[in-house]
$ cat run30.cif   # mmCIF, C-alpha atoms
data_upload
loop_
_atom_site.label_atom_id
_atom_site.label_comp_id
_atom_site.auth_asym_id
_atom_site.auth_seq_id
_atom_site.Cartn_x
_atom_site.Cartn_y
_atom_site.Cartn_z
CA MET A 1 152.14 146.68 15.93
CA GLN A 2 150.77 149.74 17.73
CA GLN A 3 147.49 147.89 18.30
CA GLN A 4 149.38 144.98 19.87
CA VAL A 5 151.22 147.35 22.22
CA HIS A 6 147.95 149.05 23.12
CA ASN A 7 146.24 145.72 23.84
CA SER A 8 149.20 144.63 25.95
CA CYS A 9 149.08 147.83 28.04
CA VAL A 10 145.33 147.50 28.56
CA SER A 11 145.75 143.88 29.60
CA GLU A 12 148.49 144.79 32.06
CA LEU A 13 146.38 147.57 33.60
CA LEU A 14 143.39 145.27 33.97
CA SER A 15 145.57 142.60 35.55
CA THR A 16 147.05 145.11 38.02
CA SER A 17 143.58 146.43 38.86
CA LEU A 18 142.33 142.89 39.47
CA ARG A 19 145.29 142.11 41.75
CA ASP A 20 144.76 145.32 43.71
CA ARG A 21 141.06 144.61 44.12
CA LYS A 22 141.77 141.05 45.24
CA ARG A 23 144.35 142.28 47.73
CA THR A 24 141.89 144.84 49.12
CA GLU A 25 139.19 142.19 49.47
CA THR A 26 141.54 139.76 51.22
CA TRP A 27 142.83 142.46 53.58
CA SER A 28 139.29 143.50 54.48
CA ALA A 29 138.19 139.89 54.98
CA ILE A 30 141.01 139.21 57.45
CA HIS A 31 140.62 142.51 59.29
CA ASN A 32 136.83 142.25 59.55
CA ALA A 33 137.05 138.65 60.74
CA ALA A 34 139.60 139.56 63.40
CA THR A 35 137.61 142.57 64.62
CA ASN A 36 134.22 140.85 64.63
CA LEU A 37 135.56 137.76 66.42
CA THR A 38 137.21 139.96 69.04
CA LEU A 39 133.98 141.81 69.73
CA ALA A 40 131.86 138.64 69.66
CA ASN A 41 134.15 136.43 71.75
CA GLY A 42 134.99 138.82 74.54
CA GLY A 43 138.41 140.20 73.67
CA PRO A 44 141.65 139.54 71.82
CA THR A 45 142.77 136.80 74.20
CA GLN A 46 139.73 134.77 73.18
CA VAL A 47 140.69 134.84 69.49
CA THR A 48 143.49 132.97 67.69
CA VAL A 49 145.06 133.40 64.29
CA GLU A 50 143.50 130.06 63.35
CA ASP A 51 140.04 131.40 64.28
CA ILE A 52 140.62 134.45 62.10
CA THR A 53 141.86 132.52 59.08
CA GLN A 54 138.94 130.11 59.26
CA GLN A 55 136.46 132.97 59.46
CA ALA A 56 138.16 134.84 56.59
CA ASN A 57 138.63 131.64 54.56
CA VAL A 58 142.36 132.17 54.04
CA SER A 59 145.49 130.24 54.96
CA GLN A 60 147.76 131.20 57.85
CA ARG A 61 150.47 131.94 55.29
CA THR A 62 148.14 134.45 53.62
CA PHE A 63 147.33 135.94 57.01
CA PHE A 64 150.99 136.70 57.73
CA ASN A 65 151.45 138.15 54.25
CA TYR A 66 149.04 140.88 55.33
CA PHE A 67 149.54 141.26 59.09
CA ALA A 68 152.51 140.74 61.38
CA THR A 69 150.43 139.88 64.44
CA LYS A 70 146.92 139.02 65.54
CA GLU A 71 146.65 142.42 67.21
CA ASP A 72 147.58 144.19 63.98
CA ALA A 73 144.82 142.30 62.17
CA ILE A 74 142.28 143.26 64.84
CA LEU A 75 143.20 146.94 64.54
CA GLY A 76 143.83 146.89 60.78
CA LEU A 77 147.42 148.09 61.11
CA GLN A 78 149.66 147.88 58.05
CA GLU A 79 153.28 148.95 57.75
CA PRO A 80 152.90 152.72 57.30
CA VAL A 81 154.04 154.36 54.08
CA ILE A 82 153.89 157.88 52.68
CA GLU A 83 152.54 157.69 49.16
CA GLN A 84 154.45 159.59 46.50
CA HIS A 85 151.57 161.92 45.69
CA VAL A 86 151.31 162.83 49.38
CA ARG A 87 155.02 163.65 49.45
CA GLU A 88 154.70 165.82 46.37
CA GLN A 89 151.69 167.74 47.72
CA LEU A 90 153.21 168.55 51.10
CA ASP A 91 153.90 172.30 51.39
CA LEU A 92 155.42 173.56 54.63
CA SER A 93 155.78 177.19 53.58
CA THR A 94 152.73 178.12 55.71
CA ASN A 95 150.49 176.56 58.38
CA VAL A 96 153.20 174.07 59.29
CA LEU A 97 151.52 172.59 62.36
CA GLU A 98 148.20 172.04 60.58
CA ARG A 99 149.84 170.47 57.54
CA VAL A 100 152.04 168.16 59.59
CA SER A 101 149.10 167.12 61.79
CA HIS A 102 147.05 166.31 58.70
CA LEU A 103 149.98 164.38 57.26
CA LEU A 104 150.27 162.30 60.43
CA LEU A 105 146.57 161.44 60.37
CA THR A 106 146.63 160.68 56.64
CA VAL A 107 149.59 158.30 56.98
CA GLY A 108 148.18 156.80 60.16
CA GLN A 109 144.89 155.86 58.55
CA SER A 110 144.79 152.47 56.89
CA THR A 111 144.86 152.61 53.10
CA PHE A 112 141.98 150.17 52.79
CA ALA A 113 139.86 150.97 55.85
CA GLY A 114 136.58 152.73 55.28
CA ASP A 115 134.36 154.48 57.81
CA ARG A 116 132.87 151.18 59.03
CA GLU A 117 136.29 149.68 59.76
CA THR A 118 137.39 152.92 61.40
CA SER A 119 134.34 152.92 63.68
CA LEU A 120 134.88 149.28 64.64
CA ARG A 121 138.53 149.98 65.39
CA PHE A 122 137.56 152.68 67.88
CA GLU A 123 134.99 150.35 69.43
CA VAL A 124 137.60 147.62 69.91
CA LEU A 125 140.12 150.04 71.43
CA GLU A 126 137.53 151.41 73.84
CA LYS A 127 136.44 147.94 74.98
CA TYR A 128 139.92 146.41 75.11
CA PRO A 129 142.46 149.12 76.04
CA GLU A 130 145.20 146.49 76.29
CA LEU A 131 145.43 146.85 72.50
CA ILE A 132 146.42 150.50 72.77
CA HIS A 133 150.12 149.60 73.02
CA ARG A 134 149.96 148.20 69.48
CA ARG A 135 148.33 151.40 68.27
CA LEU A 136 150.97 153.52 70.00
CA SER A 137 153.77 151.44 68.46
CA TYR A 138 152.22 152.02 65.07
CA ILE A 139 151.93 155.77 65.66
CA ALA A 140 155.63 155.83 66.59
CA LYS A 141 156.44 154.32 63.18
CA VAL A 142 154.28 156.94 61.49
CA GLU A 143 156.07 159.69 63.41
CA THR A 144 159.47 158.42 62.26
CA LEU A 145 158.41 158.48 58.61
CA VAL A 146 156.94 161.97 58.89
CA ILE A 147 159.96 163.34 60.76
CA ASP A 148 162.23 162.23 57.92
CA LEU A 149 160.02 163.89 55.31
CA VAL A 150 159.59 167.12 57.28
CA GLU A 151 163.32 167.30 57.97
CA SER A 152 164.13 167.01 54.26
CA GLN A 153 161.72 169.85 53.45
CA LEU A 154 162.99 172.12 56.22
CA ALA A 155 166.60 171.46 55.24
CA ALA A 156 165.78 172.57 51.70
CA SER A 157 164.01 175.74 52.82
CA PRO A 158 166.25 178.86 52.81
CA GLN A 159 163.58 180.81 54.71
CA TRP A 160 163.33 178.23 57.49
CA ASN A 161 167.10 178.05 57.89
CA ALA A 162 167.30 181.84 57.98
CA ASP A 163 164.60 182.02 60.67
CA PHE A 164 166.15 179.24 62.78
CA PRO A 165 169.91 179.33 62.07
CA ASP A 166 170.85 177.64 65.36
CA MET A 167 168.23 174.87 65.16
CA PRO A 168 169.16 171.84 63.03
CA PRO A 169 166.33 170.84 60.65
CA GLY A 170 166.18 167.41 62.22
CA GLU A 171 165.51 168.85 65.68
CA SER A 172 162.92 171.26 64.29
CA ALA A 173 161.20 168.42 62.45
CA ARG A 174 161.10 166.23 65.54
CA LEU A 175 159.57 168.97 67.69
CA ILE A 176 156.96 169.88 65.07
CA VAL A 177 155.96 166.26 64.50
CA LEU A 178 155.71 165.54 68.24
CA MET A 179 153.45 168.58 68.64
CA GLY A 180 151.36 167.44 65.70
CA SER A 181 151.20 163.91 67.08
CA ALA A 182 150.03 165.15 70.47
CA THR A 183 147.30 167.12 68.72
CA MET A 184 146.31 164.07 66.68
CA ARG A 185 146.11 161.84 69.76
CA PHE A 186 144.00 164.44 71.53
CA ALA A 187 141.65 164.60 68.53
CA MET A 188 141.39 160.79 68.40
CA GLN A 189 140.00 160.87 71.94
CA SER A 190 137.42 163.51 71.03
CA ASN A 191 133.80 162.59 71.69
CA LYS A 192 132.54 163.07 68.16
CA PRO A 193 129.10 161.68 67.22
CA THR A 194 130.67 159.72 64.38
CA ARG A 195 134.01 158.02 63.85
CA SER A 196 134.18 158.77 60.13
CA ARG A 197 137.38 160.01 58.52
CA ASP A 198 135.85 163.44 57.97
CA ALA A 199 134.99 163.62 61.66
CA GLN A 200 138.56 162.73 62.59
CA PHE A 201 139.99 165.53 60.46
CA ALA A 202 137.40 167.96 61.84
CA ALA A 203 138.38 166.98 65.39
CA LEU A 204 142.04 167.43 64.44
CA ASP A 205 141.41 170.95 63.16
CA ASP A 206 139.55 171.81 66.38
CA ALA A 207 142.42 170.43 68.46
CA THR A 208 145.00 172.40 66.48
CA THR A 209 143.03 175.62 66.97
CA LEU A 210 142.82 174.91 70.70
CA LEU A 211 146.56 174.21 70.90
CA ARG A 212 147.35 177.55 69.23
CA LYS A 213 145.16 179.36 71.77
CA ILE A 214 146.86 177.58 74.67
CA LEU A 215 150.35 178.33 73.34
CA ARG A 216 149.51 182.02 73.04
CA LYS A 217 148.16 182.00 76.60
CA VAL A 218 151.16 180.31 78.21
CA GLN A 219 153.85 182.32 76.40
#

$ encode --input "run30.cif" --output "structure tokens"
Amino acid sequence: MQQQVHNSCVSELLSTSLRDRKRTETWSAIHNAATNLTLANGGPTQVTVEDITQQANVSQRTFFNYFATKEDAILGLQEPVIEQHVREQLDLSTNVLERVSHLLLTVGQSTFAGDRETSLRFEVLEKYPELIHRRLSYIAKVETLVIDLVESQLAASPQWNADFPDMPPGESARLIVLMGSATMRFAMQSNKPTRSRDAQFAALDDATTLLRKILRKVQ
């Protein structure tokens, strides 16, 4: 009996792993097709959903299971989520601005995108700035998620409430996240030699350090 249960659990794990891998492969195929066609054909207006699905060898129904719009597929934008392990690891007892900025960048990065996809995404945005509005809409969604999480942590912090008795946690969270988001956007525009994830976080740390220096100067 125990062996049967064990075999069943192993089979379920393998099945889940296979589904996850298939989903990752399909997502990447659609995203890469959309990005490559956009760069090859001269912009997003020269590419259709039908072009993308043919290139990725998927149906239009499958396309819309992964992406809401053509622009989202080109930029690799998924509905943002904060994974449970990220929630559990967030500690706002110190270095609040740095931690919130890192959280914003972590959530804002696509779960499946690697360094190649990230580099291509920057290339597309630089060549076709009309897509920036989709990126900004996505960042706004990320900000909303992070504000909710930061507010819940600040509300549960006796020290924070003692330090800021007249500032509701929700208002504090919104201000912190907006500062972190401004830092993240500044870092995203940094002229780094590589567009890798590590380079993005390094640029973010540099931008946060610069912001602290500026705030001390203008006080």

$ atom_distance --input "run30.cif" --atom1 "atom CA of Val124 of chain A" --atom2 "atom CA of Leu75 of chain A"
7.8 Å

$ residues_around --input "run30.cif" --residues "Asn95 of chain A" --least-positions-apart "5" --cutoff "12 Å" --atoms "all atoms listed in the file" --output "list in words"
Leu90, Val100, Ser101, His102, Ile176, Gly180, Asp205, Thr208, Thr209 and Arg212 of chain A

$ residues_around --input "run30.cif" --residues "Met184 of chain A" --least-positions-apart "2" --cutoff "8 Å" --atoms "all atoms listed in the file" --output "MDAnalysis selection string"
chainID A and resid 101 104:105 180:182 186:188 204 207

$ residues_around --input "run30.cif" --residues "Glu151 of chain A" --least-positions-apart "4" --cutoff "10 Å" --atoms "all atoms listed in the file" --output "CSV table (one decimal) with C-alpha atoms, keeping the file's coordinate frame"
chain,number,residue,atom,x,y,z
A,146,VAL,CA,156.9,162.0,58.9
A,147,ILE,CA,160.0,163.3,60.8
A,155,ALA,CA,166.6,171.5,55.2
A,156,ALA,CA,165.8,172.6,51.7
A,157,SER,CA,164.0,175.7,52.8
A,168,PRO,CA,169.2,171.8,63.0
A,169,PRO,CA,166.3,170.8,60.6
A,170,GLY,CA,166.2,167.4,62.2
A,171,GLU,CA,165.5,168.8,65.7
A,172,SER,CA,162.9,171.3,64.3
A,173,ALA,CA,161.2,168.4,62.4
A,174,ARG,CA,161.1,166.2,65.5
A,176,ILE,CA,157.0,169.9,65.1
A,177,VAL,CA,156.0,166.3,64.5

$ resolve_selection --input "run30.cif" --expression "the PyMOL selection byres ((chain A and resi 129-134) around 9)" --output "list in words"
Pro44, Glu71, Asp72, Leu75, Leu77, Val124, Leu125, Glu126, Lys127, Tyr128, Arg135, Leu136, Ser137, Tyr138 and Ile139 of chain A

$ closest_residue --input "run30.cif" --among "A:Val81, A:Ser17, A:Glu123, A:Ala29" --to "Gly43 of chain A" --atoms "all atoms listed in the file"
A:Glu123

$ residues_around --input "run30.cif" --residues "Asp51 of chain A" --least-positions-apart "5" --cutoff "9 Å" --atoms "only C-alpha atoms" --output "list in words"
Ala33, Ala34, Leu37 and Ala56 of chain A

$ atom_distance --input "run30.cif" --atom1 "atom CA of Arg21 of chain A" --atom2 "atom CA of Phe201 of chain A"
26.6 Å

$ decode --input "run30.cif" --residues "segment 66-208 of chain A" --atoms "C-alpha atoms" --output "compact mmCIF listing (two decimals), in the first residue's frame"
# COMPACT_ATOMS: atom_id res chain seq x y z
CA TYR A 66 -0.88 33.07 -22.39
CA PHE A 67 -1.14 36.72 -23.43
CA ALA A 68 -3.96 39.26 -23.33
CA THR A 69 -2.69 41.29 -26.29
CA LYS A 70 -0.19 41.23 -29.12
CA GLU A 71 1.83 43.91 -27.34
CA ASP A 72 2.02 41.80 -24.18
CA ALA A 73 3.37 38.89 -26.22
CA ILE A 74 6.00 41.12 -27.83
CA LEU A 75 7.18 42.36 -24.43
CA GLY A 76 6.67 39.07 -22.60
CA LEU A 77 4.26 40.56 -20.07
CA GLN A 78 2.29 38.18 -17.85
CA GLU A 79 -0.20 39.06 -15.15
CA PRO A 80 2.13 39.92 -12.26
CA VAL A 81 2.07 37.84 -9.09
CA ILE A 82 4.08 37.79 -5.88
CA GLU A 83 5.16 34.23 -5.22
CA GLN A 84 4.58 32.90 -1.72
CA HIS A 85 8.27 32.38 -1.00
CA VAL A 86 8.94 36.01 -1.98
CA ARG A 87 6.23 37.16 0.44
CA GLU A 88 7.69 35.07 3.23
CA GLN A 89 11.24 36.35 2.67
CA LEU A 90 10.36 40.03 2.63
CA ASP A 91 11.76 41.78 5.71
CA LEU A 92 11.11 45.51 6.08
CA SER A 93 12.75 45.93 9.47
CA THR A 94 15.81 47.55 7.81
CA ASN A 95 16.84 48.93 4.41
CA VAL A 96 13.21 49.45 3.44
CA LEU A 97 13.81 51.35 0.20
CA GLU A 98 16.36 48.83 -1.10
CA ARG A 99 14.17 45.85 -0.23
CA VAL A 100 11.05 47.36 -1.78
CA SER A 101 12.96 48.35 -4.93
CA HIS A 102 14.30 44.81 -5.26
CA LEU A 103 10.81 43.45 -4.71
CA LEU A 104 9.42 45.64 -7.49
CA LEU A 105 12.10 44.49 -9.93
CA THR A 106 11.67 40.84 -8.93
CA VAL A 107 7.91 40.92 -9.45
CA GLY A 108 8.26 42.98 -12.62
CA GLN A 109 10.56 40.48 -14.27
CA SER A 110 8.87 37.73 -16.23
CA THR A 111 8.92 34.35 -14.50
CA PHE A 112 10.06 32.58 -17.65
CA ALA A 113 12.25 35.19 -19.35
CA GLY A 114 15.97 34.61 -19.36
CA ASP A 115 18.75 37.06 -20.15
CA ARG A 116 18.25 36.66 -23.91
CA GLU A 117 14.54 37.52 -23.71
CA THR A 118 15.32 40.41 -21.37
CA SER A 119 17.88 41.83 -23.81
CA LEU A 120 15.48 41.51 -26.74
CA ARG A 121 12.75 43.23 -24.74
CA PHE A 122 14.98 46.25 -24.18
CA GLU A 123 15.90 46.27 -27.86
CA VAL A 124 12.23 46.29 -28.88
CA LEU A 125 11.37 49.07 -26.44
CA GLU A 126 14.27 51.20 -27.65
CA LYS A 127 13.33 50.76 -31.31
CA TYR A 128 9.57 51.07 -30.85
CA PRO A 129 8.85 53.44 -27.92
CA GLU A 130 5.12 53.30 -28.71
CA LEU A 131 5.16 50.04 -26.74
CA ILE A 132 6.27 51.80 -23.57
CA HIS A 133 2.66 52.50 -22.56
CA ARG A 134 2.08 48.75 -22.23
CA ARG A 135 5.18 48.44 -20.07
CA LEU A 136 4.05 51.34 -17.87
CA SER A 137 0.58 49.80 -17.47
CA TYR A 138 2.25 46.59 -16.37
CA ILE A 139 4.49 48.40 -13.87
CA ALA A 140 1.37 50.06 -12.41
CA LYS A 141 -0.08 46.60 -11.76
CA VAL A 142 3.16 45.54 -10.09
CA GLU A 143 3.09 48.66 -7.91
CA THR A 144 -0.45 47.88 -6.75
CA LEU A 145 0.51 44.36 -5.69
CA VAL A 146 3.61 45.54 -3.85
CA ILE A 147 1.77 48.39 -2.11
CA ASP A 148 -0.72 45.89 -0.67
CA LEU A 149 2.07 43.64 0.62
CA VAL A 150 4.13 46.50 2.06
CA GLU A 151 1.06 47.99 3.73
CA SER A 152 0.27 44.69 5.45
CA GLN A 153 3.82 44.45 6.79
CA LEU A 154 3.92 48.05 8.00
CA ALA A 155 0.53 47.70 9.66
CA ALA A 156 1.84 44.70 11.59
CA SER A 157 5.02 46.48 12.69
CA PRO A 158 4.79 48.07 16.17
CA GLN A 159 8.06 49.92 15.58
CA TRP A 160 6.88 51.47 12.32
CA ASN A 161 3.59 52.58 13.85
CA ALA A 162 5.43 54.06 16.82
CA ASP A 163 7.78 55.99 14.52
CA PHE A 164 4.96 57.24 12.26
CA PRO A 165 1.83 57.43 14.46
CA ASP A 166 0.11 60.02 12.25
CA MET A 167 0.86 58.29 8.93
CA PRO A 168 -1.52 55.46 7.95
CA PRO A 169 0.37 52.33 6.80
CA GLY A 170 -1.35 52.50 3.43
CA GLU A 171 -0.05 56.01 2.78
CA SER A 172 3.44 55.07 3.93
CA ALA A 173 3.40 52.01 1.69
CA ARG A 174 2.29 54.01 -1.33
CA LEU A 175 5.02 56.62 -0.87
CA ILE A 176 7.75 54.00 -0.35
CA VAL A 177 6.66 51.98 -3.38
CA LEU A 178 6.46 55.07 -5.61
CA MET A 179 9.99 56.03 -4.55
CA GLY A 180 11.17 52.50 -5.21
CA SER A 181 9.42 52.46 -8.57
CA ALA A 182 11.03 55.74 -9.61
CA THR A 183 14.41 54.27 -8.70
CA MET A 184 13.65 51.11 -10.67
CA ARG A 185 12.60 53.07 -13.76
CA PHE A 186 15.75 55.16 -13.54
CA ALA A 187 17.85 51.99 -13.31
CA MET A 188 16.05 50.45 -16.30
CA GLN A 189 17.23 53.40 -18.40
CA SER A 190 20.82 52.96 -17.25
CA ASN A 191 23.39 52.45 -19.99
CA LYS A 192 24.75 49.15 -18.77
CA PRO A 193 26.93 47.07 -21.12
CA THR A 194 24.59 44.12 -20.67
CA ARG A 195 20.87 43.74 -20.13
CA SER A 196 21.17 40.67 -17.93
CA ARG A 197 19.14 40.33 -14.74
CA ASP A 198 22.26 40.73 -12.62
CA ALA A 199 23.04 43.96 -14.44
CA GLN A 200 19.53 45.25 -13.77
CA PHE A 201 19.84 44.63 -10.04
CA ALA A 202 23.31 46.20 -10.01
CA ALA A 203 21.92 49.28 -11.77
CA LEU A 204 19.08 49.36 -9.24
CA ASP A 205 21.50 49.33 -6.32
CA ASP A 206 23.49 52.16 -7.90
CA ALA A 207 20.31 54.17 -8.43
CA THR A 208 19.20 53.63 -4.84
